[in-house]
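Structure, as structure tokens:
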Amino acid sequence: MAEKFEKLSRISVPELDEILGVPFKVLDDGFVRVIDYLGSDQAVVQAARVSYGKGTKKVHEDRGLIRYLMRHQHTTPFEMCELKLHVRVPMDTWRQWVRHRTASINEYSTRYSIAIDAAYTTAPGEWRLQATGNRQGSEGKLPPEQGAHFTEREAQLQSLAREVYEERLQAGIAREQARKDLPLATYTEAYWKIDLHNLLHFLKLRMEPNAQWEIRQYANIIGHEIVRRWYPLTWEAFLDYQLQAESFSRLELELLSKIVQDKWEECVKLAEEFGWLKRRDGRLVRNRERLEFEEKLARLGIQPPWKEEE
Ligand SMILES: Cc1cc2nc3c(=O)[nH]c(=O)nc-3n(C[C@H](O)[C@H](O)[C@H](O)COP(=O)(O)OP(=O)(O)OC[C@H]3O[C@@H](n4cnc5c(N)ncnc54)[C@H](O)[C@@H]3O)c2cc1C
């Protein structure tokens, strides 16, 4: 005989319903707003319980189950939920954003429509300096008095590029060609739909301090303002087990084990065997893996045994 199923009602999240369509401002002229969503913490739990069957229904509380799923990377229940956003982003940031291939995207067409007349601008005190350690990063800022020159040049460049673009349009040149010299700072808009599992992956990569500052501003809004309201339990588990958690390689664990046992000399010897303590002119040569381990130790309040030798 067919099993009887209880009638279900659609899952809704009042906290998210309250902000449907409301834009969160990002950068100077960008935004993120929620267009639609599917599911909630409850939907994650509902999907997960299919795997465990009726018999174990009461075994886990919802929070415990979600935390268990997150800890053990049992990810498919999180794929049962989806979020659809409308975003307005400078094109260079968008270029990083679209690398996340697991989303569905529909972007504003500058072949079909006139390019959005807005470009991301930089305040005099916001010009970041090239990092010396990390080639992909920035550290410190140009003094505002010097930055003012680059802000002025930025304004000239953006206004010239727009002027030339509009001149081409006036002359009847096709929009698809007229756009070719618009700066990457020009804003674009898109609908972006993604499931919760892949959204968390996006947030993990783009909320990290080594992600570019601009995309981090968007990721922070999506995380702290949207996902936190939408999935309070999943968000808490994500912070605890992924975003604010730390992972250690086998090498790092071996070193850590020597440190906690106060075996400092053995720790240094091991690090030398790993090739982390090579010296030139008596100074430690830069080693990325060692530096990353040192950062992890610093977060634990531990000084590496070789630190004073540098
Ligand atoms: C700090 C930082 C620096 C970066 N620097 C560069 C750079 O210099 N140059 C550059 O080109 N990119 C760079 N990227 C982009 C990066 O390499 C990834 O393309 C981007 O972060 C998307 O990650 P993803 O592929 O995991 O995500 P998604 O595309 O959303 O995919 C999610 C997951 O699905 C799986 N998946 C998706 N598609 C495939 C596939 N075709 N085959 C197998 N598995 C798949 C993978 O497990 C993947 O992790 C950088 C990213 C960050 C965060």
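So you can find residues: chains in the structure tokens are A, B, ... in the order shown, residues in each start at 1, and ligands are numbered from 1 in order.
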Which residues are near ligand 1 - at most 10 Å, using only C-alpha atoms and all ligand atoms? Format: as a CSV table (one decimal) with N, CA and C atoms, in the first residue's frame.
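Below is the file that was written, result_7.csv:
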chain,number,residue,atom,x,y,z
A,95,ARG,N,34.4,40.2,-13.2
A,95,ARG,CA,35.3,39.3,-13.9
A,95,ARG,C,35.8,38.2,-12.9
A,96,GLN,N,36.0,38.6,-11.7
A,96,GLN,CA,36.4,37.6,-10.6
A,96,GLN,C,35.2,36.8,-10.2
A,97,TRP,N,34.1,37.5,-10.1
A,97,TRP,CA,32.8,36.9,-9.6
A,97,TRP,C,32.4,35.7,-10.6
A,98,VAL,N,32.5,35.9,-11.9
A,98,VAL,CA,31.9,34.9,-12.8
A,98,VAL,C,32.8,33.7,-12.9
A,99,ARG,N,34.0,33.7,-12.3
A,99,ARG,CA,34.8,32.5,-12.3
A,99,ARG,C,34.1,31.4,-11.5
A,100,HIS,N,33.1,31.8,-10.7
A,100,HIS,CA,32.4,30.7,-9.9
A,100,HIS,C,31.3,30.1,-10.8
A,101,ARG,N,31.7,29.0,-11.4
A,101,ARG,CA,31.0,28.4,-12.5
A,101,ARG,C,29.7,27.7,-12.2
A,102,THR,N,29.5,27.6,-10.8
A,102,THR,CA,28.3,26.8,-10.4
A,102,THR,C,27.0,27.6,-10.3
A,103,ALA,N,27.1,28.9,-10.7
A,103,ALA,CA,25.9,29.8,-10.6
A,103,ALA,C,25.3,29.9,-12.0
A,135,ARG,N,52.3,38.9,-4.3
A,135,ARG,CA,52.3,39.6,-5.6
A,135,ARG,C,50.9,39.9,-6.0
A,136,GLN,N,49.9,39.1,-5.5
A,136,GLN,CA,48.5,39.4,-5.9
A,136,GLN,C,47.8,40.4,-4.9
A,137,GLY,N,48.5,40.8,-3.9
A,137,GLY,CA,47.8,41.6,-2.9
A,137,GLY,C,48.2,43.1,-2.8
A,194,ILE,N,22.3,30.8,-7.3
A,194,ILE,CA,23.3,29.7,-6.9
A,194,ILE,C,22.7,28.9,-5.7
A,197,HIS,N,25.1,25.4,-1.1
A,197,HIS,CA,26.5,24.8,-1.0
A,197,HIS,C,27.5,25.6,-1.8
A,198,ASN,N,27.2,25.9,-3.0
A,198,ASN,CA,28.2,26.6,-3.8
A,198,ASN,C,28.3,28.1,-3.4
A,199,LEU,N,27.2,28.6,-2.8
A,199,LEU,CA,27.3,30.0,-2.3
A,199,LEU,C,28.3,30.1,-1.2
A,200,LEU,N,28.2,29.1,-0.3
A,200,LEU,CA,29.1,29.0,0.9
A,200,LEU,C,30.6,28.9,0.4
A,201,HIS,N,30.8,28.1,-0.7
A,201,HIS,CA,32.1,28.0,-1.3
A,201,HIS,C,32.6,29.4,-1.8
A,202,PHE,N,31.7,30.1,-2.5
A,202,PHE,CA,32.0,31.4,-3.0
A,202,PHE,C,32.4,32.3,-1.8
A,203,LEU,N,31.6,32.3,-0.8
A,203,LEU,CA,31.8,33.1,0.4
A,203,LEU,C,33.2,32.8,1.1
A,204,LYS,N,33.4,31.5,1.1
A,204,LYS,CA,34.7,31.1,1.8
A,204,LYS,C,35.9,31.7,1.0
A,205,LEU,N,35.8,31.6,-0.3
A,205,LEU,CA,36.9,32.1,-1.1
A,205,LEU,C,37.0,33.7,-1.1
A,206,ARG,N,35.8,34.3,-1.2
A,206,ARG,CA,35.8,35.7,-1.4
A,206,ARG,C,35.6,36.6,-0.1
A,207,MET,N,35.4,35.9,1.0
A,207,MET,CA,35.4,36.7,2.3
A,207,MET,C,36.8,36.6,2.9
A,208,GLU,N,37.6,35.8,2.4
A,208,GLU,CA,39.0,35.6,3.0
A,208,GLU,C,39.8,36.9,2.8
A,209,PRO,N,40.7,37.2,3.7
A,209,PRO,CA,41.5,38.5,3.6
A,209,PRO,C,42.3,38.5,2.3
A,210,ASN,N,42.6,37.4,1.7
A,210,ASN,CA,43.5,37.5,0.5
A,210,ASN,C,42.7,37.7,-0.8
A,211,ALA,N,41.3,37.7,-0.7
A,211,ALA,CA,40.5,38.0,-1.8
A,211,ALA,C,40.6,39.6,-2.0
A,212,GLN,N,40.4,40.0,-3.2
A,212,GLN,CA,40.5,41.5,-3.5
A,212,GLN,C,39.4,42.2,-2.7
A,215,ILE,N,35.7,42.7,-4.1
A,215,ILE,CA,34.8,41.6,-4.1
A,215,ILE,C,34.4,41.1,-2.7
A,216,ARG,N,35.4,41.4,-1.8
A,216,ARG,CA,35.1,41.1,-0.4
A,216,ARG,C,34.0,41.9,0.2
Please give the complete set of residues from range 82-173 of chain A that DSSP, run on the backbone, assigns to strand (DSSP E or B), formatted as a list in words.
Glu82, Leu83, Lys84, Leu85, His86, Val87, Arg88, Val89, Pro90, Ser104, Ile105, Asn106, Glu107, Ala119, Arg128, Leu129, Gln130, Ser138, Glu139, Gly140 and Lys141 of chain A
Output of the above residues as a tab-separated table (two decimals), in the first residue's frame, restricted to N, CA and C atoms:
chain	number	residue	atom	x	y	z
A	82	GLU	N	18.28	27.51	-2.69
A	82	GLU	CA	18.84	28.42	-3.71
A	82	GLU	C	18.56	29.88	-3.39
A	83	LEU	N	19.43	30.73	-3.91
A	83	LEU	CA	19.27	32.17	-3.70
A	83	LEU	C	19.43	32.86	-5.06
A	84	LYS	N	18.49	33.78	-5.35
A	84	LYS	CA	18.61	34.55	-6.60
A	84	LYS	C	18.82	36.02	-6.24
A	85	LEU	N	19.95	36.57	-6.71
A	85	LEU	CA	20.30	37.96	-6.39
A	85	LEU	C	20.29	38.81	-7.65
A	86	HIS	N	20.06	40.10	-7.45
A	86	HIS	CA	20.28	41.09	-8.49
A	86	HIS	C	21.47	41.91	-8.00
A	87	VAL	N	22.56	41.95	-8.80
A	87	VAL	CA	23.77	42.63	-8.33
A	87	VAL	C	24.19	43.71	-9.32
A	88	ARG	N	24.82	44.73	-8.80
A	88	ARG	CA	25.42	45.79	-9.63
A	88	ARG	C	26.86	45.90	-9.18
A	89	VAL	N	27.78	45.64	-10.11
A	89	VAL	CA	29.19	45.40	-9.77
A	89	VAL	C	30.10	46.03	-10.83
A	90	PRO	N	31.24	46.62	-10.45
A	90	PRO	CA	32.19	47.07	-11.49
A	90	PRO	C	32.67	45.85	-12.30
A	104	SER	N	24.00	30.27	-11.99
A	104	SER	CA	23.33	30.63	-13.25
A	104	SER	C	23.31	32.15	-13.32
A	105	ILE	N	23.68	32.66	-14.50
A	105	ILE	CA	23.86	34.11	-14.62
A	105	ILE	C	23.10	34.66	-15.83
A	106	ASN	N	22.48	35.81	-15.65
A	106	ASN	CA	22.01	36.57	-16.81
A	106	ASN	C	22.44	38.02	-16.62
A	107	GLU	N	23.32	38.48	-17.53
A	107	GLU	CA	23.93	39.80	-17.35
A	107	GLU	C	23.35	40.82	-18.32
A	119	ALA	N	30.69	54.53	-13.17
A	119	ALA	CA	31.95	53.80	-13.04
A	119	ALA	C	32.42	53.92	-11.59
A	128	ARG	N	45.49	51.81	-2.94
A	128	ARG	CA	46.26	50.82	-2.19
A	128	ARG	C	47.62	50.59	-2.85
A	129	LEU	N	48.62	50.31	-2.00
A	129	LEU	CA	49.97	50.08	-2.53
A	129	LEU	C	50.19	48.59	-2.81
A	130	GLN	N	51.04	48.29	-3.77
A	130	GLN	CA	51.38	46.91	-4.11
A	130	GLN	C	52.04	46.23	-2.90
A	138	SER	N	47.62	43.75	-1.83
A	138	SER	CA	47.98	45.14	-1.58
A	138	SER	C	48.22	45.30	-0.08
A	139	GLU	N	48.99	46.32	0.28
A	139	GLU	CA	49.18	46.61	1.71
A	139	GLU	C	49.46	48.10	1.87
A	140	GLY	N	48.83	48.72	2.82
A	140	GLY	CA	49.01	50.14	3.04
A	140	GLY	C	48.36	50.97	1.93
A	141	LYS	N	48.40	52.28	2.10
A	141	LYS	CA	47.75	53.16	1.12
A	141	LYS	C	48.65	54.34	0.79
Extract, using only C-alpha atoms, all DNA, RNA and protein residues at most 10 Å from Glu15 in chain A, discarding same-chain residues fewer than 5 positions from it, and format them as a ChimeraX atom specification.
/A:20,226,228-231
Using only C-alpha atoms, find each residue in range 282-301 of chain A having at least one atom no more than 9 Å away from range 250-272 of chain A; report its shortest atom-to-atom pair and that distance in Å (one decimal), rows by chain then rising number, as a tab-separated table.
residue	atom	partner	partner_atom	distance
A:Arg290	CA	A:Ala271	CA	8.4
A:Phe293	CA	A:Glu252	CA	6.8
A:Leu297	CA	A:Leu256	CA	8.7
Go ahead and write the residues just picked, N, CA and C atoms, as a PDB file, in the first residue's frame.
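The resulting result_2.pdb:
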ATOM      1  N   ARG A 290      56.222  28.253   5.122  1.00  0.00           N
ATOM      2  CA  ARG A 290      56.610  28.563   6.509  1.00  0.00           C
ATOM      3  C   ARG A 290      55.879  29.818   7.003  1.00  0.00           C
ATOM      4  N   PHE A 293      52.377  29.059   7.943  1.00  0.00           N
ATOM      5  CA  PHE A 293      52.327  28.347   9.222  1.00  0.00           C
ATOM      6  C   PHE A 293      52.551  29.326  10.372  1.00  0.00           C
ATOM      7  N   LEU A 297      50.253  30.046  13.616  1.00  0.00           N
ATOM      8  CA  LEU A 297      50.768  30.017  14.995  1.00  0.00           C
ATOM      9  C   LEU A 297      50.461  31.331  15.704  1.00  0.00           C
TER      10      LEU A 297
END
Residue nearest Ala161 in chain A - candidates A:Ala115, A:Leu16, A:Ala123, A:Leu196, atoms counted: only C-alpha atoms
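With only C-alpha atoms as the atom set, the closest residue is A:Ala115.
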Would you mind writing down, as a count of residues only, each residue of range 156-225 of chain A that DSSP on the backbone assigns to alpha helix (DSSP H)?
40
I want to know what sits within 12 Å of Ser159 in chain A, based on only C-alpha atoms, with residues of the same chain fewer than 2 positions away left out; could you give that as a ChimeraX atom specification?
/A:117-119,121,152-157,161-166,181-183,185-186
CA of Gln42 in chain A to CA of Arg67 in chain A, straight-line distance in Å:
13.1 Å
What is the distance between CA of Ser249 in chain A and CA of Pro304 in chain A, in Å to one decimal?
16.1 Å
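In this model, the gap between CA of Arg111 in chain A and CA of Gly30 in chain A comes to 21.2 Å.
Proximity of A:Ala148, A:Trp94, A:Gly301, A:Trp306 to Leu284 in chain A, computed with only C-alpha atoms, is greatest for A:Trp306.
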